[in-house]
$ cat model.txt   # compact mmCIF, C-alpha atoms
# COMPACT_ATOMS: atom_id res chain seq x y z
CA MET A 249 34.22 59.06 1.87
CA ASP A 250 33.68 58.03 -1.74
CA LYS A 251 37.24 56.68 -1.92
CA ILE A 252 36.64 54.19 0.92
CA GLY A 253 34.65 51.81 -1.25
CA VAL A 254 37.32 51.90 -3.96
CA TYR A 255 40.07 50.87 -1.50
CA ALA A 256 37.98 48.58 0.71
CA VAL A 257 37.10 46.10 -2.03
CA PRO A 258 40.64 45.18 -3.21
CA PHE A 259 41.81 45.36 0.42
CA ILE A 260 39.21 42.83 1.60
CA ILE A 261 39.93 40.50 -1.34
CA VAL A 262 43.72 40.62 -0.93
CA LEU A 263 43.52 40.26 2.84
CA THR A 264 41.21 37.25 2.61
CA VAL A 265 43.27 35.48 -0.04
CA VAL A 266 46.61 36.13 1.72
CA PHE A 267 45.20 35.07 5.08
CA GLY A 268 43.77 31.97 3.42
CA ALA A 269 47.20 31.18 1.93
CA VAL A 270 48.86 31.60 5.36
CA LYS A 271 46.29 29.24 6.84
CA LYS A 272 47.06 26.77 4.01
CA VAL A 273 43.53 26.80 2.63
CA ASP A 274 43.14 25.27 -0.83
CA LEU A 275 42.48 28.73 -2.24
CA PHE A 276 41.16 28.13 -5.70
CA GLU A 277 39.14 25.08 -4.74
CA SER A 278 37.46 27.06 -1.93
CA PHE A 279 36.77 29.97 -4.27
CA ARG A 280 35.29 27.57 -6.78
CA GLU A 281 33.03 25.98 -4.18
CA GLY A 282 31.82 29.38 -2.99
CA ALA A 283 31.26 30.66 -6.51
CA LYS A 284 29.31 27.50 -7.30
CA ASP A 285 27.11 28.29 -4.30
CA GLY A 286 26.62 31.78 -5.74
CA ILE A 287 25.48 30.33 -9.07
CA GLY A 288 23.18 27.98 -7.16
CA SER A 289 21.49 30.80 -5.26
CA LEU A 290 21.14 32.85 -8.44
CA ILE A 291 19.44 29.92 -10.16
CA SER A 292 17.15 29.36 -7.20
CA ILE A 293 16.04 33.02 -7.12
CA ALA A 294 15.83 33.31 -10.92
CA PRO A 295 12.14 32.31 -11.26
CA SER A 296 11.02 34.87 -8.64
CA ILE A 297 13.25 37.52 -10.17
CA ILE A 298 11.81 36.93 -13.63
CA GLY A 299 8.22 37.10 -12.35
CA LEU A 300 8.83 40.21 -10.29
CA VAL A 301 10.95 42.11 -12.80
CA ILE A 302 8.15 41.62 -15.33
CA ALA A 303 5.58 42.92 -12.83
CA VAL A 304 7.73 45.92 -11.84
CA ASN A 305 8.42 46.69 -15.49
CA MET A 306 4.66 46.65 -16.13
CA LEU A 307 4.09 48.97 -13.16
CA SER A 308 6.75 51.32 -14.42
CA ALA A 309 5.39 51.37 -17.99
CA SER A 310 1.82 51.90 -16.80
CA GLY A 311 2.77 55.11 -15.00
CA PHE A 312 1.99 53.60 -11.58
CA PHE A 313 5.23 54.83 -10.00
CA ASP A 314 4.74 58.36 -11.34
CA MET A 315 1.25 58.42 -9.87
CA VAL A 316 2.42 57.09 -6.50
CA CYS A 317 5.27 59.59 -6.46
CA SER A 318 3.11 62.61 -7.20
CA PHE A 319 0.50 61.40 -4.72
CA LEU A 320 2.98 60.81 -1.92
CA SER A 321 5.45 63.61 -2.54
CA PRO A 322 3.92 65.98 0.07
CA VAL A 323 4.24 63.29 2.76
CA CYS A 324 7.72 62.30 1.61
CA SER A 325 9.10 65.82 1.47
CA ALA A 326 7.79 66.38 5.00
CA VAL A 327 9.83 63.39 6.22
CA GLY A 328 12.77 64.05 3.89
CA ILE A 329 12.60 60.96 1.70
CA PRO A 330 12.58 61.30 -2.10
CA PRO A 331 9.21 59.87 -3.24
CA GLU A 332 11.03 57.89 -5.95
CA ILE A 333 12.56 55.51 -3.40
CA LEU A 334 9.40 55.05 -1.35
CA PRO A 335 8.19 52.01 -3.37
CA LEU A 336 11.50 50.36 -2.48
CA GLY A 337 11.00 51.16 1.19
CA LEU A 338 7.53 49.61 1.10
CA ILE A 339 8.54 46.35 -0.55
CA ARG A 340 11.96 45.91 1.14
CA PRO A 341 10.71 44.35 4.43
CA VAL A 342 8.25 42.10 2.59
CA SER A 343 10.06 40.57 -0.36
CA GLY A 344 13.73 40.21 -1.18
CA SER A 345 13.18 39.45 -4.86
CA GLY A 346 10.58 42.20 -5.10
CA SER A 347 12.93 44.83 -3.71
CA PHE A 348 15.61 43.52 -6.02
CA ALA A 349 13.31 44.15 -9.00
CA VAL A 350 12.26 47.59 -7.73
CA LEU A 351 15.88 48.65 -7.05
CA SER A 352 16.90 47.55 -10.52
CA SER A 353 14.04 49.57 -12.02
CA ILE A 354 15.05 52.67 -9.97
CA LEU A 355 18.68 52.32 -11.09
CA ASP A 356 17.58 52.01 -14.72
CA THR A 357 15.21 54.99 -14.54
CA TYR A 358 17.28 57.51 -12.56
CA GLY A 359 20.83 56.17 -13.09
CA ALA A 360 22.89 54.14 -10.63
CA ASP A 361 25.15 57.12 -9.80
CA SER A 362 22.38 59.70 -9.35
CA PHE A 363 21.39 60.83 -5.85
CA ILE A 364 18.22 58.73 -5.99
CA GLY A 365 20.11 55.73 -7.36
CA ARG A 366 22.75 55.93 -4.62
CA ALA A 367 20.23 56.45 -1.82
CA ALA A 368 18.15 53.52 -3.05
CA SER A 369 21.24 51.27 -3.29
CA VAL A 370 22.34 52.20 0.24
CA MET A 371 18.85 51.60 1.56
CA SER A 372 18.49 48.19 -0.02
CA GLY A 373 21.97 47.17 1.17
CA SER A 374 21.28 48.27 4.74
CA THR A 375 18.10 46.33 5.46
CA GLU A 376 16.89 42.76 5.34
CA THR A 377 13.63 41.11 4.38
CA THR A 378 12.11 41.57 7.82
CA PHE A 379 8.92 39.55 7.45
CA TYR A 380 10.79 36.68 5.83
CA ALA A 381 13.26 36.46 8.73
CA VAL A 382 10.44 36.63 11.29
CA ALA A 383 8.47 33.90 9.49
CA VAL A 384 11.45 31.58 9.00
CA TYR A 385 12.90 31.87 12.51
CA TYR A 386 9.72 31.74 14.57
CA GLY A 387 8.42 29.07 12.24
CA ALA A 388 11.54 26.98 12.93
CA ALA A 389 11.07 27.35 16.67
CA GLY A 390 7.36 26.53 16.40
CA ILE A 391 6.32 29.88 17.86
CA LYS A 392 3.22 31.60 16.52
CA LYS A 393 3.33 34.81 18.59
CA SER A 394 6.16 37.16 17.81
CA GLY A 395 5.73 39.62 20.69
CA TYR A 396 7.19 43.03 19.90
CA THR A 397 9.56 41.72 17.23
CA VAL A 398 7.80 43.25 14.23
CA PRO A 399 7.34 46.78 15.65
CA ALA A 400 11.01 46.94 16.73
CA ALA A 401 12.21 45.56 13.37
CA LEU A 402 10.02 47.91 11.34
CA ILE A 403 11.22 50.94 13.31
CA ALA A 404 14.76 49.88 12.40
CA ASP A 405 13.77 49.46 8.73
CA PHE A 406 12.14 52.88 8.61
CA SER A 407 15.17 54.44 10.30
CA SER A 408 17.47 52.90 7.74
CA MET A 409 15.38 54.45 4.98
CA LEU A 410 15.78 57.92 6.55
CA ILE A 411 19.45 57.44 7.45
CA SER A 412 20.42 56.16 3.99
CA VAL A 413 19.00 59.31 2.39
CA MET A 414 20.71 61.57 4.94
CA ALA A 415 24.02 59.70 4.69
CA VAL A 416 24.13 60.00 0.90
CA LYS A 417 23.07 63.65 1.06
CA TYR A 418 25.36 64.95 3.81
CA LEU A 419 28.38 62.67 4.15
CA MET B 159 1.92 36.74 0.65
CA LEU B 160 4.03 37.24 -2.45
CA GLY B 161 1.13 35.96 -4.53
CA TYR B 162 -1.01 38.89 -3.37
CA ILE B 163 1.75 41.39 -4.00
CA TRP B 164 2.23 40.04 -7.49
CA LEU B 165 -1.49 40.14 -8.16
CA PHE B 166 -1.57 43.73 -6.89
CA MET B 167 1.34 44.75 -9.14
CA ILE B 168 -0.21 43.25 -12.25
CA ALA B 169 -3.74 44.52 -11.54
CA ALA B 170 -2.47 48.00 -10.60
CA SER B 171 -0.35 48.23 -13.74
CA PHE B 172 -3.37 47.36 -15.87
CA VAL B 173 -5.60 49.93 -14.15
CA CYS B 174 -2.93 52.65 -14.29
CA SER B 175 -2.17 51.95 -17.94
CA VAL B 176 -5.86 52.44 -18.76
CA ILE B 177 -6.01 55.69 -16.75
CA ASN B 178 -2.81 57.00 -18.32
CA GLY B 179 -3.68 55.77 -21.82
CA ARG B 180 -0.62 53.52 -21.96
CA THR B 181 -2.22 50.11 -22.54
CA ASP B 182 -0.29 49.74 -25.79
CA ILE B 183 3.05 50.05 -23.94
CA LEU B 184 1.98 47.52 -21.31
CA ALA B 185 2.10 44.51 -23.65
CA GLN B 186 5.56 45.58 -24.74
CA ALA B 187 6.60 45.96 -21.07
CA VAL B 188 5.80 42.31 -20.38
CA THR B 189 8.20 40.85 -22.92
CA GLU B 190 10.73 43.59 -22.26
CA GLY B 191 10.59 42.78 -18.53
CA ALA B 192 11.24 39.09 -19.12
CA ASP B 193 14.21 39.99 -21.27
CA LYS B 194 15.51 42.47 -18.69
CA ALA B 195 15.27 39.92 -15.88
CA VAL B 196 17.44 37.38 -17.65
CA ASN B 197 19.99 40.00 -18.71
CA LEU B 198 20.07 41.24 -15.12
CA LEU B 199 20.70 37.76 -13.72
CA ILE B 200 23.50 37.14 -16.19
CA SER B 201 25.18 40.52 -15.76
CA MET B 202 25.22 40.27 -11.97
CA ALA B 203 26.31 36.63 -11.79
CA GLY B 204 30.02 37.49 -11.90
CA VAL B 205 29.95 39.93 -8.99
CA MET B 206 27.78 37.64 -6.88
CA CYS B 207 30.04 34.63 -7.46
CA LEU B 208 33.15 36.67 -6.76
CA TRP B 209 31.90 37.43 -3.24
CA THR B 210 30.50 34.01 -2.42
CA GLY B 211 33.86 32.62 -3.56
CA ILE B 212 35.98 35.06 -1.55
CA MET B 213 33.84 34.61 1.54
CA ARG B 214 34.15 30.85 1.28
CA ILE B 215 37.93 31.31 1.54
CA ALA B 216 37.35 33.50 4.63
CA GLU B 217 35.20 30.77 6.12
CA LYS B 218 37.75 28.01 5.48
CA SER B 219 40.68 30.03 6.77
CA GLY B 220 39.07 30.40 10.17
CA ILE B 221 38.12 34.09 9.90
CA THR B 222 34.54 33.14 10.71
CA LYS B 223 35.56 31.29 13.87
CA GLY B 224 37.71 34.18 15.06
CA MET B 225 34.96 36.69 14.37
CA SER B 226 32.48 34.47 16.15
CA LYS B 227 34.70 34.54 19.26
CA LEU B 228 34.98 38.32 19.09
CA LEU B 229 31.23 38.73 18.86
CA SER B 230 30.40 36.26 21.59
CA PRO B 231 30.71 38.62 24.62
CA VAL B 232 28.68 41.37 22.94
CA LEU B 233 25.93 39.00 21.86
CA GLY B 234 25.97 37.40 25.31
CA LYS B 235 25.10 40.78 26.83
CA LEU B 236 22.27 41.26 24.35
CA MET B 237 20.83 37.77 24.95
CA PRO B 238 21.28 37.23 28.69
CA ASP B 239 18.88 34.29 28.87
CA TYR B 240 21.61 32.01 27.51
CA THR B 241 25.21 31.49 28.63
CA SER B 242 27.89 32.15 26.06
CA ASP B 243 29.05 28.51 26.02
CA SER B 244 25.52 27.20 25.38
CA LYS B 245 24.75 25.53 22.06
CA ALA B 246 22.19 28.27 21.43
CA MET B 247 24.74 31.08 21.69
CA GLN B 248 27.28 29.22 19.56
CA ALA B 249 24.69 28.95 16.81
CA VAL B 250 23.74 32.62 17.32
CA CYS B 251 27.38 33.71 16.89
CA ALA B 252 27.84 31.49 13.83
CA ASN B 253 24.65 32.89 12.28
CA ILE B 254 25.62 36.52 12.81
CA THR B 255 29.16 35.97 11.56
CA ALA B 256 27.81 34.30 8.43
CA ASN B 257 25.49 37.27 7.92
CA ILE B 258 28.34 39.77 8.25
CA LEU B 259 30.35 37.90 5.63
CA GLY B 260 27.30 37.62 3.35
CA LEU B 261 27.19 33.81 3.55
CA GLY B 262 23.42 33.78 3.26
CA ASN B 263 23.21 30.07 2.53
CA ALA B 264 25.14 29.27 5.70
CA ALA B 265 23.48 31.88 7.88
CA THR B 266 19.93 30.56 7.68
CA PRO B 267 20.65 26.99 8.92
CA PHE B 268 22.69 28.41 11.85
CA GLY B 269 19.85 30.81 12.62
CA ILE B 270 17.28 28.02 12.58
CA ARG B 271 19.48 25.91 14.85
CA ALA B 272 19.91 28.90 17.18
CA MET B 273 16.15 29.42 17.42
CA LYS B 274 15.48 25.72 18.07
CA GLU B 275 18.13 25.62 20.81
CA MET B 276 16.79 28.81 22.36
CA GLN B 277 13.24 27.51 22.21
CA SER B 278 14.20 24.28 24.01
CA ALA B 279 15.19 26.35 27.06
CA ASN B 280 12.39 28.88 26.69
CA ARG B 281 10.15 28.88 29.77
CA LEU B 282 7.50 30.97 28.04
CA HIS B 283 6.88 28.06 25.59
CA ASP B 284 4.43 29.58 23.09
CA ARG B 285 5.92 33.08 23.25
CA PRO B 286 9.48 34.10 22.40
CA ASN B 287 11.61 35.30 25.33
CA ALA B 288 13.48 38.60 25.20
CA SER B 289 16.68 36.99 23.92
CA MET B 290 14.86 35.26 21.06
CA ILE B 291 13.24 38.53 20.05
CA MET B 292 16.63 40.27 20.18
CA PHE B 293 18.08 37.58 17.94
CA VAL B 294 15.33 37.87 15.33
CA VAL B 295 15.45 41.70 15.34
CA ILE B 296 19.23 41.58 14.78
CA ASN B 297 18.57 39.20 11.88
CA THR B 298 16.01 41.55 10.32
CA ALA B 299 18.65 44.28 10.27
CA SER B 300 21.37 43.87 7.71
CA ILE B 301 24.94 43.60 8.95
CA GLN B 302 26.86 42.80 5.80
CA LEU B 303 30.46 43.73 5.15
CA ILE B 304 29.84 43.67 1.38
CA PRO B 305 26.31 44.40 0.12
CA ALA B 306 26.99 42.12 -2.85
CA THR B 307 23.47 42.12 -4.32
CA ALA B 308 23.17 45.90 -4.34
CA ALA B 309 26.68 46.22 -5.78
CA ALA B 310 25.90 43.64 -8.47
CA LEU B 311 22.69 45.47 -9.42
CA ARG B 312 24.60 48.75 -9.63
CA GLN B 313 27.19 47.08 -11.83
CA ALA B 314 24.41 45.73 -14.06
CA ALA B 315 22.87 49.22 -14.29
CA GLY B 316 26.16 50.61 -15.59
CA SER B 317 27.39 52.39 -12.45
CA SER B 318 30.83 53.96 -12.77
CA ASP B 319 31.57 52.81 -9.22
CA PRO B 320 29.33 50.02 -7.87
CA TYR B 321 31.12 49.96 -4.48
CA LEU B 322 30.78 53.68 -3.81
CA ILE B 323 27.92 52.80 -1.48
CA LEU B 324 30.05 50.72 0.93
CA PRO B 325 30.81 53.27 3.69
CA TYR B 326 27.26 54.61 3.51
CA VAL B 327 25.84 51.11 3.85
CA TRP B 328 28.08 50.42 6.86
CA ILE B 329 27.00 53.64 8.60
CA THR B 330 23.33 53.21 7.76
CA SER B 331 23.08 49.55 8.72
CA ALA B 332 25.03 50.08 11.96
CA ALA B 333 22.77 52.99 12.91
CA ALA B 334 19.61 51.06 12.02
CA LEU B 335 20.86 48.04 13.96
CA LEU B 336 21.49 50.16 17.06
CA ILE B 337 18.04 51.73 16.73
CA GLY B 338 16.51 48.25 16.40
CA ILE B 339 18.38 47.03 19.50
CA PHE B 340 17.38 50.15 21.42
CA PHE B 341 13.69 49.74 20.62
CA THR B 342 13.83 46.01 21.36
CA LYS B 343 15.22 46.82 24.82
CA PHE B 344 12.69 49.62 25.19
CA PHE B 345 9.70 47.41 24.32
CA GLU B 346 11.13 44.72 26.58
CA LYS B 347 11.04 47.20 29.48
CA ILE B 348 7.41 48.04 28.74
CA TRP B 349 6.08 44.60 27.87
CA GLY B 350 8.86 42.54 29.53
CA LEU B 351 9.19 38.95 28.37
CA ARG B 352 12.06 37.71 30.51
CA ASN B 353 12.81 34.03 30.64
CA GLY B 354 11.36 32.85 33.95
$ encode --input "model.txt" --output "structure tokens"
Amino acid sequence: MDKIGVYAVPFIIVLTVVFGAVKKVDLFESFREGAKDGIGSLISIAPSIIGLVIAVNMLSASGFFDMVCSFLSPVCSAVGIPPEILPLGLIRPVSGSGSFAVLSSILDTYGADSFIGRAASVMSGSTETTFYAVAVYYGAAGIKKSGYTVPAALIADFSSMLISVMAVKYL
Amino acid sequence: MLGYIWLFMIAASFVCSVINGRTDILAQAVTEGADKAVNLLISMAGVMCLWTGIMRIAEKSGITKGMSKLLSPVLGKLMPDYTSDSKAMQAVCANITANILGLGNAATPFGIRAMKEMQSANRLHDRPNASMIMFVVINTASIQLIPATAAALRQAAGSSDPYLILPYVWITSAAALLIGIFFTKFFEKIWGLRNG
């Protein structure tokens, strides 16, 4: 299982570049354009990231996360989620930059390759910023009522939190 | 919304630092956090740009179009209020393909176009129909081939293998997506919002 990621990455890159060459795409120019887009999005999220990493770093230094963890650990152990990743689960549906900052703090504190670090990475990679998507898409359509969208989406988010922990633990 | 969260974080960190007797570390944490944020952005820039670059090649070589065609019948079944050759469904397919390839900047405009097209044929007017809800729920679940942001953060945190998470992310996001679709269908049965 762990080997899949190691092979998948070069495989996807080689496949894409070779296929692009076959299709006579201007390879390096396209790569450059895409990478420029990447820089652009990084610059556009940078102010939020700076603000939120500072806030998360303050929370971490103040002992907030330790208090939340010890307070919530009975609930978490009943459901099977390590309390350390719960803050990530709470902020993930609400704010992309916020969850980015929280994930980075978890990876720094517990180590990227630890069980908690891996579970948190899988969780953050497997979900989207639910409330942002709901706001943007219904806003674009001019719809104020969202029906049962949010309950269904949050059930999926919560499931992904549970499944990411189980996947990292048992697979 | 984010303003309140930020306020909460800062206020809570102050209160907790007083309770835990760590107010002296808090001031240090502010400057340290600012420093960390910039280092983080710089150290993940390479990985992020690698994937936006590679995926742009995929887009230009027609992989996105092919994938869009493959997805069309499946998505048509999930959003039966619109025919698969409608402008709405074309935008839906383009949006979901862009999401799979991690082309976030391209995905959002397609998604907005999809919602506008769907809304123009929506007989419920001020409420989303079942297909629109299905589309938004699918968009709130992540369906990325490469979770580039998480991988870049792992890289920045000194992981020995940032991409170790790939198969786990695929399994988890697929399972969560199916659960989301199941509950969307389930709620639709209970509260039914069919188009017309």
$ residues_around --input "model.txt" --residues "stretch 336-344 of chain B" --least-positions-apart "4" --cutoff "7 Å" --atoms "all atoms listed in the file" --output "ChimeraX atom specification"
/A:400-401,403-404 /B:292,295,332,348
$ atom_distance --input "model.txt" --atom1 "atom CA of A:Val350" --atom2 "atom CA of B:Gly211"
26.6 Å
$ closest_residue --input "model.txt" --among "A:Gly344, A:Gly311, A:Gly373, A:Gly288" --to "B:Gly179" --atoms "all atoms listed in the file"
A:Gly311
$ residues_around --input "model.txt" --residues "B:Gly262" --least-positions-apart "4" --cutoff "12 Å" --atoms "all atoms listed in the file" --output "ChimeraX atom specification"
/A:282,285-286,288-290,376,381 /B:206,209-210,213-214,252-258,266-269,297,300-302,304-307
$ write_last_selection --input "model.txt" --atoms "C-alpha atoms" --output "PDB file, in the frame of the given file"
ATOM      1  CA  GLY A 282      31.820  29.380  -2.990  1.00  0.00           C
ATOM      2  CA  ASP A 285      27.110  28.290  -4.300  1.00  0.00           C
ATOM      3  CA  GLY A 286      26.620  31.780  -5.740  1.00  0.00           C
ATOM      4  CA  GLY A 288      23.180  27.980  -7.160  1.00  0.00           C
ATOM      5  CA  SER A 289      21.490  30.800  -5.260  1.00  0.00           C
ATOM      6  CA  LEU A 290      21.140  32.850  -8.440  1.00  0.00           C
ATOM      7  CA  GLU A 376      16.890  42.760   5.340  1.00  0.00           C
ATOM      8  CA  ALA A 381      13.260  36.460   8.730  1.00  0.00           C
TER       9      ALA A 381
ATOM     10  CA  MET B 206      27.780  37.640  -6.880  1.00  0.00           C
ATOM     11  CA  TRP B 209      31.900  37.430  -3.240  1.00  0.00           C
ATOM     12  CA  THR B 210      30.500  34.010  -2.420  1.00  0.00           C
ATOM     13  CA  MET B 213      33.840  34.610   1.540  1.00  0.00           C
ATOM     14  CA  ARG B 214      34.150  30.850   1.280  1.00  0.00           C
ATOM     15  CA  ALA B 252      27.840  31.490  13.830  1.00  0.00           C
ATOM     16  CA  ASN B 253      24.650  32.890  12.280  1.00  0.00           C
ATOM     17  CA  ILE B 254      25.620  36.520  12.810  1.00  0.00           C
ATOM     18  CA  THR B 255      29.160  35.970  11.560  1.00  0.00           C
ATOM     19  CA  ALA B 256      27.810  34.300   8.430  1.00  0.00           C
ATOM     20  CA  ASN B 257      25.490  37.270   7.920  1.00  0.00           C
ATOM     21  CA  ILE B 258      28.340  39.770   8.250  1.00  0.00           C
ATOM     22  CA  THR B 266      19.930  30.560   7.680  1.00  0.00           C
ATOM     23  CA  PRO B 267      20.650  26.990   8.920  1.00  0.00           C
ATOM     24  CA  PHE B 268      22.690  28.410  11.850  1.00  0.00           C
ATOM     25  CA  GLY B 269      19.850  30.810  12.620  1.00  0.00           C
ATOM     26  CA  ASN B 297      18.570  39.200  11.880  1.00  0.00           C
ATOM     27  CA  SER B 300      21.370  43.870   7.710  1.00  0.00           C
ATOM     28  CA  ILE B 301      24.940  43.600   8.950  1.00  0.00           C
ATOM     29  CA  GLN B 302      26.860  42.800   5.800  1.00  0.00           C
ATOM     30  CA  ILE B 304      29.840  43.670   1.380  1.00  0.00           C
ATOM     31  CA  PRO B 305      26.310  44.400   0.120  1.00  0.00           C
ATOM     32  CA  ALA B 306      26.990  42.120  -2.850  1.00  0.00           C
ATOM     33  CA  THR B 307      23.470  42.120  -4.320  1.00  0.00           C
TER      34      THR B 307
END
$ residues_around --input "model.txt" --residues "A:Val342" --least-positions-apart "4" --cutoff "7 Å" --atoms "all atoms listed in the file" --output "list in words"
Thr377, Thr378, Phe379 and Tyr380 of chain A
$ residues_around --input "model.txt" --residues "B:Ser242" --least-positions-apart "2" --cutoff "12 Å" --atoms "only C-alpha atoms" --output "ChimeraX atom specification"
/B:226-240,244-251
$ atom_distance --input "model.txt" --atom1 "atom CA of B:Leu322" --atom2 "atom CA of A:Asp250"
5.6 Å
$ closest_residue --input "model.txt" --among "B:Ala169, B:Ala216, B:Leu160, B:Val294" --to "A:Ala383" --atoms "all atoms listed in the file"
B:Val294
$ closest_residue --input "model.txt" --among "B:Ser201, B:Ser171, B:Thr189, B:Thr241" --to "chain A" --atoms "all atoms listed in the file"
B:Ser171
$ closest_residue --input "model.txt" --among "A:Tyr418, A:Phe319, A:Tyr358, A:Tyr385" --to "chain B" --atoms "only C-alpha atoms"
A:Tyr385
$ residues_around --input "model.txt" --residues "B:Ser331" --least-positions-apart "3" --cutoff "7 Å" --atoms "only C-alpha atoms" --output "number ranges by chain"
A: 374-375, 408; B: 300-301, 327-328, 334-335
$ closest_residue --input "model.txt" --among "A:Gly346, A:Gly387, A:Gly337, A:Pro322" --to "A:Ala367" --atoms "only C-alpha atoms"
A:Gly337
$ atom_distance --input "model.txt" --atom1 "atom CA of A:Leu275" --atom2 "atom CA of B:Ile215"
6.5 Å
$ closest_residue --input "model.txt" --among "B:Cys174, B:Arg180, B:Thr298, B:Ala185" --to "A:Leu402" --atoms "only C-alpha atoms"
B:Thr298
$ build_atoms --input "model.txt" --residues "stretch 161-182 of chain B" --atoms "N, CA and C atoms" --output "PDB file, in the coordinates of the input"
ATOM      1  N   GLY B 161       2.168  36.115  -3.516  1.00  0.00           N
ATOM      2  CA  GLY B 161       1.130  35.960  -4.530  1.00  0.00           C
ATOM      3  C   GLY B 161       0.227  37.180  -4.588  1.00  0.00           C
ATOM      4  N   TYR B 162      -0.141  37.705  -3.410  1.00  0.00           N
ATOM      5  CA  TYR B 162      -1.010  38.890  -3.370  1.00  0.00           C
ATOM      6  C   TYR B 162      -0.291  40.121  -3.904  1.00  0.00           C
ATOM      7  N   ILE B 163       0.983  40.233  -3.528  1.00  0.00           N
ATOM      8  CA  ILE B 163       1.750  41.390  -4.000  1.00  0.00           C
ATOM      9  C   ILE B 163       1.850  41.364  -5.527  1.00  0.00           C
ATOM     10  N   TRP B 164       2.091  40.190  -6.032  1.00  0.00           N
ATOM     11  CA  TRP B 164       2.230  40.040  -7.490  1.00  0.00           C
ATOM     12  C   TRP B 164       0.924  40.378  -8.185  1.00  0.00           C
ATOM     13  N   LEU B 165      -0.163  39.844  -7.615  1.00  0.00           N
ATOM     14  CA  LEU B 165      -1.490  40.140  -8.160  1.00  0.00           C
ATOM     15  C   LEU B 165      -1.730  41.652  -8.153  1.00  0.00           C
ATOM     16  N   PHE B 166      -1.387  42.291  -7.010  1.00  0.00           N
ATOM     17  CA  PHE B 166      -1.570  43.730  -6.890  1.00  0.00           C
ATOM     18  C   PHE B 166      -0.789  44.466  -7.972  1.00  0.00           C
ATOM     19  N   MET B 167       0.480  44.067  -8.166  1.00  0.00           N
ATOM     20  CA  MET B 167       1.340  44.750  -9.140  1.00  0.00           C
ATOM     21  C   MET B 167       0.741  44.658 -10.538  1.00  0.00           C
ATOM     22  N   ILE B 168       0.296  43.445 -10.895  1.00  0.00           N
ATOM     23  CA  ILE B 168      -0.210  43.250 -12.250  1.00  0.00           C
ATOM     24  C   ILE B 168      -1.551  43.969 -12.437  1.00  0.00           C
ATOM     25  N   ALA B 169      -2.433  43.850 -11.446  1.00  0.00           N
ATOM     26  CA  ALA B 169      -3.740  44.520 -11.540  1.00  0.00           C
ATOM     27  C   ALA B 169      -3.548  46.032 -11.569  1.00  0.00           C
ATOM     28  N   ALA B 170      -2.677  46.555 -10.669  1.00  0.00           N
ATOM     29  CA  ALA B 170      -2.470  48.000 -10.600  1.00  0.00           C
ATOM     30  C   ALA B 170      -1.865  48.515 -11.907  1.00  0.00           C
ATOM     31  N   SER B 171      -0.961  47.740 -12.503  1.00  0.00           N
ATOM     32  CA  SER B 171      -0.350  48.230 -13.740  1.00  0.00           C
ATOM     33  C   SER B 171      -1.383  48.286 -14.862  1.00  0.00           C
ATOM     34  N   PHE B 172      -2.317  47.326 -14.849  1.00  0.00           N
ATOM     35  CA  PHE B 172      -3.370  47.360 -15.870  1.00  0.00           C
ATOM     36  C   PHE B 172      -4.259  48.588 -15.678  1.00  0.00           C
ATOM     37  N   VAL B 173      -4.708  48.791 -14.434  1.00  0.00           N
ATOM     38  CA  VAL B 173      -5.600  49.930 -14.150  1.00  0.00           C
ATOM     39  C   VAL B 173      -4.909  51.249 -14.497  1.00  0.00           C
ATOM     40  N   CYS B 174      -3.651  51.403 -14.041  1.00  0.00           N
ATOM     41  CA  CYS B 174      -2.930  52.650 -14.290  1.00  0.00           C
ATOM     42  C   CYS B 174      -2.688  52.871 -15.787  1.00  0.00           C
ATOM     43  N   SER B 175      -2.428  51.781 -16.509  1.00  0.00           N
ATOM     44  CA  SER B 175      -2.170  51.950 -17.940  1.00  0.00           C
ATOM     45  C   SER B 175      -3.430  52.422 -18.654  1.00  0.00           C
ATOM     46  N   VAL B 176      -4.603  51.965 -18.169  1.00  0.00           N
ATOM     47  CA  VAL B 176      -5.860  52.440 -18.760  1.00  0.00           C
ATOM     48  C   VAL B 176      -6.051  53.916 -18.444  1.00  0.00           C
ATOM     49  N   ILE B 177      -5.843  54.290 -17.163  1.00  0.00           N
ATOM     50  CA  ILE B 177      -6.010  55.690 -16.750  1.00  0.00           C
ATOM     51  C   ILE B 177      -5.065  56.598 -17.534  1.00  0.00           C
ATOM     52  N   ASN B 178      -3.819  56.159 -17.681  1.00  0.00           N
ATOM     53  CA  ASN B 178      -2.810  57.000 -18.320  1.00  0.00           C
ATOM     54  C   ASN B 178      -2.757  56.830 -19.841  1.00  0.00           C
ATOM     55  N   GLY B 179      -3.670  56.003 -20.387  1.00  0.00           N
ATOM     56  CA  GLY B 179      -3.680  55.770 -21.820  1.00  0.00           C
ATOM     57  C   GLY B 179      -2.414  55.099 -22.323  1.00  0.00           C
ATOM     58  N   ARG B 180      -1.878  54.159 -21.539  1.00  0.00           N
ATOM     59  CA  ARG B 180      -0.620  53.520 -21.960  1.00  0.00           C
ATOM     60  C   ARG B 180      -0.771  52.013 -22.151  1.00  0.00           C
ATOM     61  N   THR B 181      -2.013  51.562 -22.425  1.00  0.00           N
ATOM     62  CA  THR B 181      -2.220  50.110 -22.540  1.00  0.00           C
ATOM     63  C   THR B 181      -1.365  49.494 -23.642  1.00  0.00           C
ATOM     64  N   ASP B 182      -1.101  50.284 -24.706  1.00  0.00           N
ATOM     65  CA  ASP B 182      -0.290  49.740 -25.790  1.00  0.00           C
ATOM     66  C   ASP B 182       1.156  49.448 -25.334  1.00  0.00           C
TER      67      ASP B 182
END
